[in-house]
Each structure stands twice: as structure tokens, then as C-alpha cells.
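As stored in final-v3.txt (compact mmCIF, C-alpha atoms):
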# COMPACT_ATOMS: atom_id res chain seq x y z
CA MET P 1 -24.70 -16.99 -14.89
CA LEU P 2 -21.88 -16.47 -12.41
CA VAL P 3 -21.93 -13.06 -10.83
CA VAL P 4 -18.59 -11.88 -9.45
CA PRO P 5 -19.01 -9.48 -6.54
CA SER P 6 -17.58 -6.10 -7.32
CA ALA P 7 -14.77 -4.73 -5.19
CA PRO P 8 -15.71 -1.98 -2.77
CA PRO P 9 -15.19 1.52 -4.14
CA LEU P 10 -11.60 2.69 -3.83
CA ARG P 11 -12.70 5.79 -1.98
CA LEU P 12 -13.81 3.63 0.98
CA ARG P 13 -10.50 1.84 1.42
CA PRO P 14 -8.61 4.71 3.07
CA PHE P 15 -11.35 4.93 5.70
CA ALA P 16 -11.13 1.19 6.35
CA ALA P 17 -7.35 1.49 6.73
CA LEU P 18 -7.78 4.43 9.10
CA GLY P 19 -10.21 2.41 11.19
CA ALA P 20 -7.69 -0.42 11.43
CA ILE P 21 -4.90 1.78 12.75
CA ALA P 22 -7.03 4.12 14.89
CA PRO P 23 -6.87 2.16 18.20
CA GLY P 24 -3.08 1.73 18.18
CA LEU P 25 -2.55 5.26 16.89
CA GLY P 26 -4.73 6.64 19.68
CA LEU P 27 -2.80 4.64 22.27
CA CYS P 28 0.55 5.96 20.99
CA LEU P 29 -0.77 9.53 20.98
CA ALA P 30 -2.01 9.11 24.55
CA VAL P 31 1.35 7.78 25.75
CA ALA P 32 3.15 10.60 23.91
CA ALA P 33 0.84 13.19 25.47
CA ALA P 34 1.51 11.78 28.95
CA ALA P 35 5.25 11.83 28.32
CA SER P 36 5.16 15.41 27.03
CA ALA P 37 3.08 16.51 30.01
CA ALA P 38 5.50 14.87 32.43
CA ALA P 39 8.45 16.59 30.72
CA ALA P 40 6.66 19.95 30.88
CA LEU P 41 5.91 19.41 34.59
CA GLN P 42 9.61 18.82 35.26
CA VAL P 43 10.42 22.12 33.56
CA ARG P 44 7.91 23.95 35.79
CA LEU P 45 9.23 22.31 38.95
CA TRP P 46 12.98 22.26 38.33
CA GLY P 47 13.57 24.47 35.30
CA ARG P 48 14.66 21.53 33.11
CA PRO P 49 13.44 18.03 32.19
CA TRP P 50 15.57 15.43 33.95
CA LEU P 51 13.94 12.83 31.73
CA ASP P 52 13.15 14.04 28.20
CA ALA P 53 9.75 13.34 26.64
CA VAL P 54 11.43 10.96 24.19
CA VAL P 55 12.84 8.82 27.02
CA LEU P 56 9.63 9.02 29.04
CA ALA P 57 7.60 7.84 26.04
CA ILE P 58 9.81 4.75 25.72
CA LEU P 59 9.60 3.99 29.44
CA LEU P 60 5.83 4.47 29.62
CA GLY P 61 5.27 2.36 26.51
CA THR P 62 7.50 -0.42 27.81
CA ALA P 63 5.74 -0.35 31.20
CA LEU P 64 2.32 -0.69 29.55
CA ARG P 65 3.57 -3.54 27.35
CA SER P 66 4.97 -5.33 30.41
CA LEU P 67 1.68 -5.00 32.28
CA ARG P 68 -0.48 -6.15 29.38
CA THR P 69 0.51 -7.04 25.82
CA PRO P 70 -1.67 -5.09 23.33
CA SER P 71 -4.00 -7.36 21.36
CA ALA P 72 -4.05 -7.61 17.57
CA ARG P 73 -6.66 -4.83 17.51
CA TRP P 74 -3.99 -2.33 18.64
CA GLN P 75 -1.04 -3.68 16.72
CA ALA P 76 -1.64 -2.13 13.29
CA GLY P 77 -1.61 1.42 14.65
CA ILE P 78 1.40 0.73 16.87
CA ASP P 79 3.31 -0.64 13.86
CA VAL P 80 2.48 2.45 11.79
CA CYS P 81 3.75 4.75 14.54
CA ALA P 82 6.90 2.69 15.16
CA ARG P 83 7.84 2.62 11.48
CA THR P 84 6.12 5.16 9.23
CA VAL P 85 5.74 7.98 11.75
CA LEU P 86 9.34 7.61 12.88
CA GLU P 87 10.59 7.50 9.30
CA ILE P 88 8.71 10.72 8.51
CA ALA P 89 10.36 12.32 11.56
CA VAL P 90 13.78 11.34 10.21
CA VAL P 91 12.96 12.85 6.82
CA LEU P 92 11.88 16.13 8.43
CA LEU P 93 15.09 16.18 10.44
CA GLY P 94 17.01 16.57 7.18
CA ALA P 95 15.68 20.13 6.90
CA SER P 96 17.52 21.14 10.07
CA LEU P 97 21.09 20.56 8.91
CA SER P 98 23.54 21.16 6.12
CA LEU P 99 25.46 18.42 4.32
CA GLY P 100 28.53 20.59 4.78
CA THR P 101 28.67 19.29 8.36
CA LEU P 102 29.72 15.87 7.12
CA THR P 103 32.27 17.11 4.62
CA ALA P 104 33.74 19.35 7.31
CA ALA P 105 34.44 16.25 9.41
CA GLY P 106 37.11 15.23 6.92
CA PRO P 107 38.01 11.88 5.37
CA GLY P 108 39.48 10.53 8.62
CA LEU P 109 36.06 10.11 10.19
CA LEU P 110 34.60 8.50 7.06
CA VAL P 111 37.43 5.97 6.82
CA GLY P 112 37.24 5.39 10.56
CA ILE P 113 33.52 4.57 10.38
CA ALA P 114 34.18 1.95 7.71
CA GLY P 115 36.99 0.49 9.82
CA VAL P 116 34.85 0.32 12.96
CA VAL P 117 32.07 -1.48 11.07
CA ALA P 118 34.48 -4.01 9.56
CA VAL P 119 36.21 -4.81 12.85
CA ALA P 120 32.89 -4.91 14.73
CA ILE P 121 31.46 -7.47 12.31
CA ALA P 122 34.56 -9.66 12.55
CA SER P 123 34.74 -9.47 16.34
CA GLY P 124 31.00 -9.92 16.80
CA TYR P 125 31.06 -13.03 14.62
CA ALA P 126 34.06 -14.39 16.51
CA ILE P 127 32.32 -13.84 19.87
CA GLY P 128 29.19 -15.61 18.66
CA ARG P 129 31.11 -18.60 17.35
CA ALA P 130 33.24 -18.80 20.48
CA LEU P 131 30.01 -19.05 22.50
CA GLY P 132 28.83 -21.90 20.30
CA LEU P 133 26.27 -20.07 18.16
CA PRO P 134 25.58 -21.42 14.66
CA HIS P 135 27.24 -19.63 11.74
CA ARG P 136 24.07 -17.93 10.51
CA MET P 137 22.95 -16.68 13.92
CA ALA P 138 26.44 -15.37 14.69
CA THR P 139 26.48 -13.56 11.34
CA LEU P 140 23.05 -11.97 11.90
CA ILE P 141 24.00 -10.73 15.38
CA ALA P 142 27.36 -9.40 14.18
CA CYS P 143 25.89 -7.51 11.21
CA GLY P 144 22.88 -6.24 13.16
CA ASN P 145 25.07 -4.81 15.92
CA ALA P 146 27.72 -3.37 13.62
CA ILE P 147 25.53 -1.70 11.00
CA CYS P 148 21.86 -0.94 11.54
CA GLY P 149 19.94 -3.50 13.55
CA ASN P 150 16.75 -4.81 11.96
CA SER P 151 17.52 -3.44 8.50
CA ALA P 152 20.89 -5.18 8.40
CA ILE P 153 19.40 -8.43 9.70
CA ALA P 154 16.61 -8.31 7.10
CA ALA P 155 19.06 -7.58 4.28
CA VAL P 156 21.67 -10.15 5.30
CA ALA P 157 19.29 -13.02 6.18
CA PRO P 158 18.30 -14.05 2.63
CA VAL P 159 21.87 -13.74 1.40
CA ILE P 160 23.25 -16.21 3.97
CA GLY P 161 20.17 -18.44 3.93
CA ALA P 162 19.12 -17.77 7.53
CA ASP P 163 15.81 -19.31 8.56
CA ALA P 164 12.84 -17.39 9.92
CA ASP P 165 13.43 -18.46 13.54
CA ASP P 166 16.98 -17.06 13.52
CA VAL P 167 15.76 -13.81 11.98
CA ALA P 168 12.94 -13.45 14.52
CA ALA P 169 15.29 -14.09 17.45
CA ALA P 170 17.91 -11.63 16.19
CA ILE P 171 15.32 -8.92 15.55
CA ALA P 172 13.74 -9.43 18.98
CA PHE P 173 17.11 -8.87 20.65
CA THR P 174 17.69 -5.83 18.45
CA ALA P 175 14.40 -4.31 19.62
CA VAL P 176 15.19 -4.78 23.30
CA PHE P 177 18.86 -3.82 23.26
CA GLY P 178 18.16 -0.92 20.90
CA VAL P 179 15.91 0.64 23.51
CA LEU P 180 18.45 -0.06 26.26
CA ALA P 181 21.13 1.69 24.20
CA VAL P 182 18.88 4.72 23.65
CA LEU P 183 18.21 4.97 27.38
CA GLY P 184 21.70 4.17 28.65
CA LEU P 185 24.04 5.90 26.23
CA PRO P 186 23.37 9.48 27.45
CA VAL P 187 24.76 8.42 30.84
CA LEU P 188 28.22 8.38 29.23
CA VAL P 189 28.10 12.14 28.57
CA PRO P 190 28.93 13.18 32.17
CA LEU P 191 30.92 10.03 32.95
CA LEU P 192 33.33 10.56 30.03
CA ASP P 193 32.94 14.35 29.84
CA LEU P 194 31.89 14.14 26.20
CA SER P 195 31.18 17.22 24.13
CA PRO P 196 27.89 17.31 22.18
CA GLU P 197 29.81 16.56 18.97
CA ALA P 198 31.71 13.64 20.51
CA TYR P 199 28.54 12.18 21.99
CA GLY P 200 26.71 12.53 18.68
CA ALA P 201 29.51 10.68 16.88
CA LEU P 202 29.50 7.96 19.56
CA ALA P 203 25.73 7.51 19.22
CA GLY P 204 25.99 7.40 15.43
CA LEU P 205 28.67 4.72 15.68
CA THR P 206 26.90 2.48 18.21
CA VAL P 207 23.12 2.84 18.17
CA TYR P 208 21.31 0.40 15.88
CA ALA P 209 18.94 2.44 13.71
CA VAL P 210 18.82 5.99 12.36
CA PRO P 211 15.58 6.80 14.23
CA GLN P 212 17.08 5.43 17.45
CA VAL P 213 20.08 7.73 17.02
CA LEU P 214 17.60 10.60 16.89
CA ALA P 215 16.02 9.37 20.13
CA ALA P 216 19.40 8.91 21.85
CA THR P 217 20.78 12.32 20.89
CA ALA P 218 17.68 14.55 21.11
CA PRO P 219 17.82 14.82 24.94
CA VAL P 220 21.46 15.99 24.78
CA SER P 221 21.65 18.70 22.11
CA LEU P 222 20.82 19.61 18.53
CA ALA P 223 24.52 19.40 17.64
CA SER P 224 24.52 15.80 18.87
CA VAL P 225 21.50 15.06 16.70
CA HIS P 226 23.19 16.48 13.61
CA ILE P 227 26.53 14.74 13.87
CA GLY P 228 24.96 11.52 15.18
CA THR P 229 22.55 11.27 12.27
CA LEU P 230 25.20 11.96 9.66
CA VAL P 231 27.65 9.45 11.16
CA LYS P 232 24.86 6.89 11.32
CA LEU P 233 23.97 7.46 7.66
CA VAL P 234 27.55 6.70 6.65
CA ARG P 235 27.40 3.56 8.79
CA VAL P 236 24.15 2.49 7.10
CA LEU P 237 25.74 2.90 3.68
CA MET P 238 28.22 0.19 4.69
CA LEU P 239 25.36 -2.31 4.40
CA GLY P 240 25.72 -2.41 0.62
CA PRO P 241 29.38 -3.54 0.55
CA VAL P 242 28.77 -5.99 3.42
CA VAL P 243 25.81 -7.66 1.69
CA LEU P 244 27.77 -7.80 -1.56
CA ALA P 245 30.73 -9.41 0.21
CA LEU P 246 28.50 -12.01 1.88
CA SER P 247 26.76 -12.71 -1.41
CA LEU P 248 30.09 -13.33 -3.15
CA ARG P 249 31.18 -15.57 -0.30
CA THR P 250 28.04 -17.71 -0.52
CA GLY P 251 28.11 -17.74 -4.31
CA GLY P 252 24.58 -16.38 -4.42
CA LYS P 253 23.18 -19.63 -2.97
CA GLY P 254 21.36 -18.13 -0.01
CA ARG P 255 17.68 -17.43 0.37
CA PRO P 256 16.37 -21.00 0.61
CA ASN P 257 13.43 -19.91 2.72
CA GLY P 258 12.07 -17.25 0.39
CA LEU P 259 12.85 -14.32 2.66
CA PRO P 260 12.54 -11.17 0.56
CA ILE P 261 15.54 -9.10 -0.41
CA ARG P 262 15.17 -5.68 1.24
CA PRO P 263 16.22 -2.35 -0.25
CA LEU P 264 19.72 -1.47 0.95
CA VAL P 265 18.93 2.23 1.30
CA PRO P 266 15.51 2.86 2.95
CA TRP P 267 13.28 5.55 1.48
CA PHE P 268 13.45 7.75 4.57
CA ILE P 269 17.25 8.04 4.31
CA LEU P 270 16.88 9.25 0.73
CA GLY P 271 14.23 11.71 1.93
CA PHE P 272 16.52 12.88 4.73
CA LEU P 273 19.36 13.49 2.27
CA ALA P 274 17.00 15.27 -0.14
CA LEU P 275 15.80 17.72 2.52
CA ALA P 276 19.36 18.22 3.76
CA GLY P 277 20.37 19.02 0.19
CA LEU P 278 17.52 21.52 -0.17
CA ARG P 279 18.52 23.14 3.13
CA SER P 280 22.15 23.33 2.00
CA ALA P 281 21.04 24.98 -1.25
CA GLY P 282 18.90 27.52 0.61
CA ALA P 283 15.71 26.20 -1.00
CA ILE P 284 13.79 25.89 2.30
CA PRO P 285 12.51 29.25 3.61
CA GLU P 286 13.84 30.17 7.04
CA PRO P 287 10.33 30.73 8.55
CA ALA P 288 9.46 27.11 7.67
CA LEU P 289 12.37 25.61 9.60
CA PRO P 290 11.06 25.94 13.22
CA PRO P 291 7.67 24.31 12.43
CA ILE P 292 9.43 21.49 10.59
CA ALA P 293 11.77 20.94 13.56
CA ASP P 294 8.84 20.98 16.01
CA GLY P 295 6.96 18.50 13.84
CA ALA P 296 9.94 16.16 13.74
CA ALA P 297 10.31 16.37 17.53
CA TYR P 298 6.63 15.62 18.18
CA LEU P 299 6.51 12.72 15.73
CA THR P 300 9.62 11.29 17.41
CA VAL P 301 7.88 11.24 20.80
CA VAL P 302 4.85 9.47 19.29
CA ALA P 303 7.10 6.94 17.57
CA MET P 304 9.08 6.29 20.75
CA ALA P 305 5.82 5.50 22.54
CA ALA P 306 5.19 2.90 19.84
CA LEU P 307 8.74 1.61 20.18
CA GLY P 308 8.22 1.09 23.91
CA LEU P 309 4.89 -0.65 23.29
CA GLY P 310 6.70 -3.06 20.97
CA VAL P 311 9.42 -4.06 23.44
CA ASP P 312 8.92 -7.35 25.23
CA ILE P 313 11.55 -7.49 27.97
CA ARG P 314 10.55 -11.11 28.59
CA VAL P 315 12.29 -12.02 25.32
CA VAL P 316 15.67 -11.37 26.90
CA ALA P 317 14.69 -13.08 30.15
CA GLY P 318 13.65 -16.21 28.27
CA ALA P 319 16.54 -16.34 25.81
CA GLY P 320 19.53 -18.58 26.11
CA PRO P 321 22.58 -17.14 27.87
CA ARG P 322 24.81 -17.71 24.83
CA VAL P 323 22.75 -15.42 22.59
CA THR P 324 22.50 -12.78 25.32
CA LEU P 325 26.25 -12.87 25.94
CA ALA P 326 26.95 -12.65 22.21
CA VAL P 327 24.78 -9.55 21.82
CA VAL P 328 26.16 -7.84 24.93
CA GLY P 329 29.76 -8.72 24.07
CA SER P 330 29.39 -7.42 20.52
CA LEU P 331 27.90 -4.16 21.76
CA LEU P 332 30.67 -3.62 24.29
CA VAL P 333 33.31 -4.19 21.62
CA LEU P 334 31.51 -1.74 19.32
CA VAL P 335 31.45 0.93 22.04
CA ALA P 336 35.16 0.39 22.77
CA LEU P 337 36.06 0.62 19.07
CA SER P 338 34.01 3.80 18.70
CA LEU P 339 35.63 5.48 21.71
CA GLY P 340 39.02 4.47 20.34
CA LEU P 341 38.25 6.06 16.98
CA LEU P 342 37.13 9.30 18.64
CA ALA P 343 40.37 9.36 20.65
CA ILE P 344 42.46 8.81 17.52
CA LEU P 345 40.65 11.60 15.68
CA GLY P 346 40.87 13.94 18.67
CA ILE P 347 37.09 14.31 19.02
CA HIS P 348 36.43 14.93 22.72
What's the C-alpha cells form of this structure?
Amino acid sequence: MLVVPSAPPLRLRPFAALGAIAPGLGLCLAVAAAASAAAALQVRLWGRPWLDAVVLAILLGTALRSLRTPSARWQAGIDVCARTVLEIAVVLLGASLSLGTLTAAGPGLLVGIAGVVAVAIASGYAIGRALGLPHRMATLIACGNAICGNSAIAAVAPVIGADADDVAAAIAFTAVFGVLAVLGLPVLVPLLDLSPEAYGALAGLTVYAVPQVLAATAPVSLASVHIGTLVKLVRVLMLGPVVLALSLRTGGKGRPNGLPIRPLVPWFILGFLALAGLRSAGAIPEPALPPIADGAAYLTVVAMAALGLGVDIRVVAGAGPRVTLAVVGSLLVLVALSLGLLAILGIH
């Protein structure tokens, strides 16, 4: 008689999963604690943090990754912090703002965002092709830069039939340049004399992912966080029409490699909008708002530590100059288009 081993009791599985993520989770928490302590020390010494805990967490994580790449034992926990923890932080952020902020911006900004995305995709693709990149790689870079980084690349890849190597290369560049954008964009605030609202809109128009917009705007002001997140959400919603347009262009003949079709609207964006709607309706008690905001801020620092631990700066050093130039050129065009839109709309 054949005896089939029974599966382990379900109640044990959560503990096994916790054991798998514990090393990486502990590492991210340690980096976040060091970053927070360094930011607090700056406040004691100079009355303000010259480098915010969010930025310090990225820098410390990247430094550790450069010195020694974490083994597979650490990776599960790092991945959870870089994705799930950061997504929860974005959801909690929805409780701190009202959807009326977006409607108050008027239709000009909404139409302008769509225009910037469209022109950025076209120009990014043209730059890639002019540098000799294949059609699929140029498309992935253009869409990733113009819309939302990894999410756009993952959604577009199966539609255009991109292979796994192209996807991996595009996502690797997104990871590195996404962090560089988060660290470098705040420098434009004093250089261009940007208001918190103008800087938030600029970050929302240029930074790759919603969580990265949070990281780029948090050191500047809460107003920058609000407008940046809302502008970025509108930009993310452009992914649907873009994927549909590419699908119609290819006649639905993409996806030869079995890459999965990704949801066009991630769950954490829906959660963000849900909490923003509850806040707008007055359904969240006022005493609950500060703890929610503090929780979102702390989770963001932990997630930025994970983001830094996932950045391999050697990817850029070892990449071909054509791909690097295509990514940099596309980003510069996107920044120029965004600043032009802000000037047209009178947002200073």
C-alpha cells in the first residue's frame, strides 16, 4: 500500500515563512535604525537633518551591498521589505491627504501629465533607436522611464514579446537610476527655487515608482509628498492606455516567452485611494492620523534600506554605453518636459 506523506499542518507554515524572511528583515531594520539614529544625531548637533533618514537608509544599504552582496539567506527578507513593506507605507500615506487636492489642481495638470507621458515615450524610443538599440529594448526603456519603472516594464514586456534578458537589463537600470533620481532630485529645489508644490509635481512627473516619489519628497515637505503622490498616481494610470495601444499595434501577438501579464493597477494604489477617500469623507478619526503618518514614515525608512541593499551599482558600470546613454537621455528629456509643463501651468 502506497502511503502519501501528509502535508505539514497549516498552522506551521506562517512560522516557516517568518523564519525565511527573518535574516533579511533584521538586516533592513538594523540599517533603518542606524539611519534614524544618524538623522537624530544631526538634529541634536545642528538643529536639522542635512541628510534625512530616508536618504541615509538608501546610502547605507547601497554601501553594504557594494562591500558584500547579501547571500540567498538574506534575500527573502530584503525582498519583502523592498516590496510589501513599502507598499503598505504607500497605502498608509493615503490617510494623510484629501482627494480634493487633485481636483483643485484643475484639468490643465491632468491633461499635461498625459501629454508629458506620451511625448516622453516617443522621445525615449527615438533616442534608443538612434543609439542602435533593438526595438523591444528601446520600447522597454522608453515606457519604464515615462510611466512607472519596473511596473511598466513588467506590463509592457509580454505585450511586445520582449525576452527575459531584455526585461532583466531594463529593470536593473531602473533600480539603479531610480535610486539616483531619489537622491539627486531634491538638489533642484534650491537650484531652481522650487516651491514645495512645484517640487512635488516635478517628482511625481519624473521619478519611476510611487514609493520612490514618497522617498524623494519626504525630505522636502509634506506638501511635496501629497502633490507628488497624486501626480504620480495619474501618471501610473497612463499605463493602461499605453499597454492597450501597444497591444493593438502588435495585434495581440506578443508574449512568446510566457512572461505573465501583470495587473495594470497595483493593489497598494487601490489601497492608497481607498484611505484617501475615507479621509476625504471624514471616516478616519483625527487622533488616528498622527500614528498612521508615523507608521508610514518608519516603514518607508525600512523599505529604503531594502532598496539600497538591492542596488548593484556594478550593473551600470558593466553595461554597454548605448543602453546607459539611452536611459540617461530619456530621463533628461523627461525632466525638461516636466519643467516645461510646470512653467506653462504657472506652478513655481
Å distance separating CA of Asp52 in chain P from CA of Gly144 in chain P, one decimal place: 27.1 Å
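The nearest approach to Arg65 in chain P among the residues P:Pro186, P:Ile153, P:Gly115, P:Ile78, with all atoms listed in the file taken into account, belongs to P:Ile78.
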Two-atom distance - CA of Val335 in chain P, CA of Arg129 in chain P (Å): 20.1 Å
From P:Ala20, P:Val182, P:Ile88, P:Ala296, residue lying nearest Ala72 in chain P [all atoms listed in the file]: P:Ala20
Nearest candidate to Lys232 in chain P (options P:Ala169, P:Ala120, P:Ala215, P:Val207; using only C-alpha atoms): P:Val207
Spatial neighbours of range 223-230 of chain P, 6 Å, all atoms listed in the file, chain gap at least 4 places, as a ChimeraX atom specification: /P:196-197,200-201,203-204,214,217-218
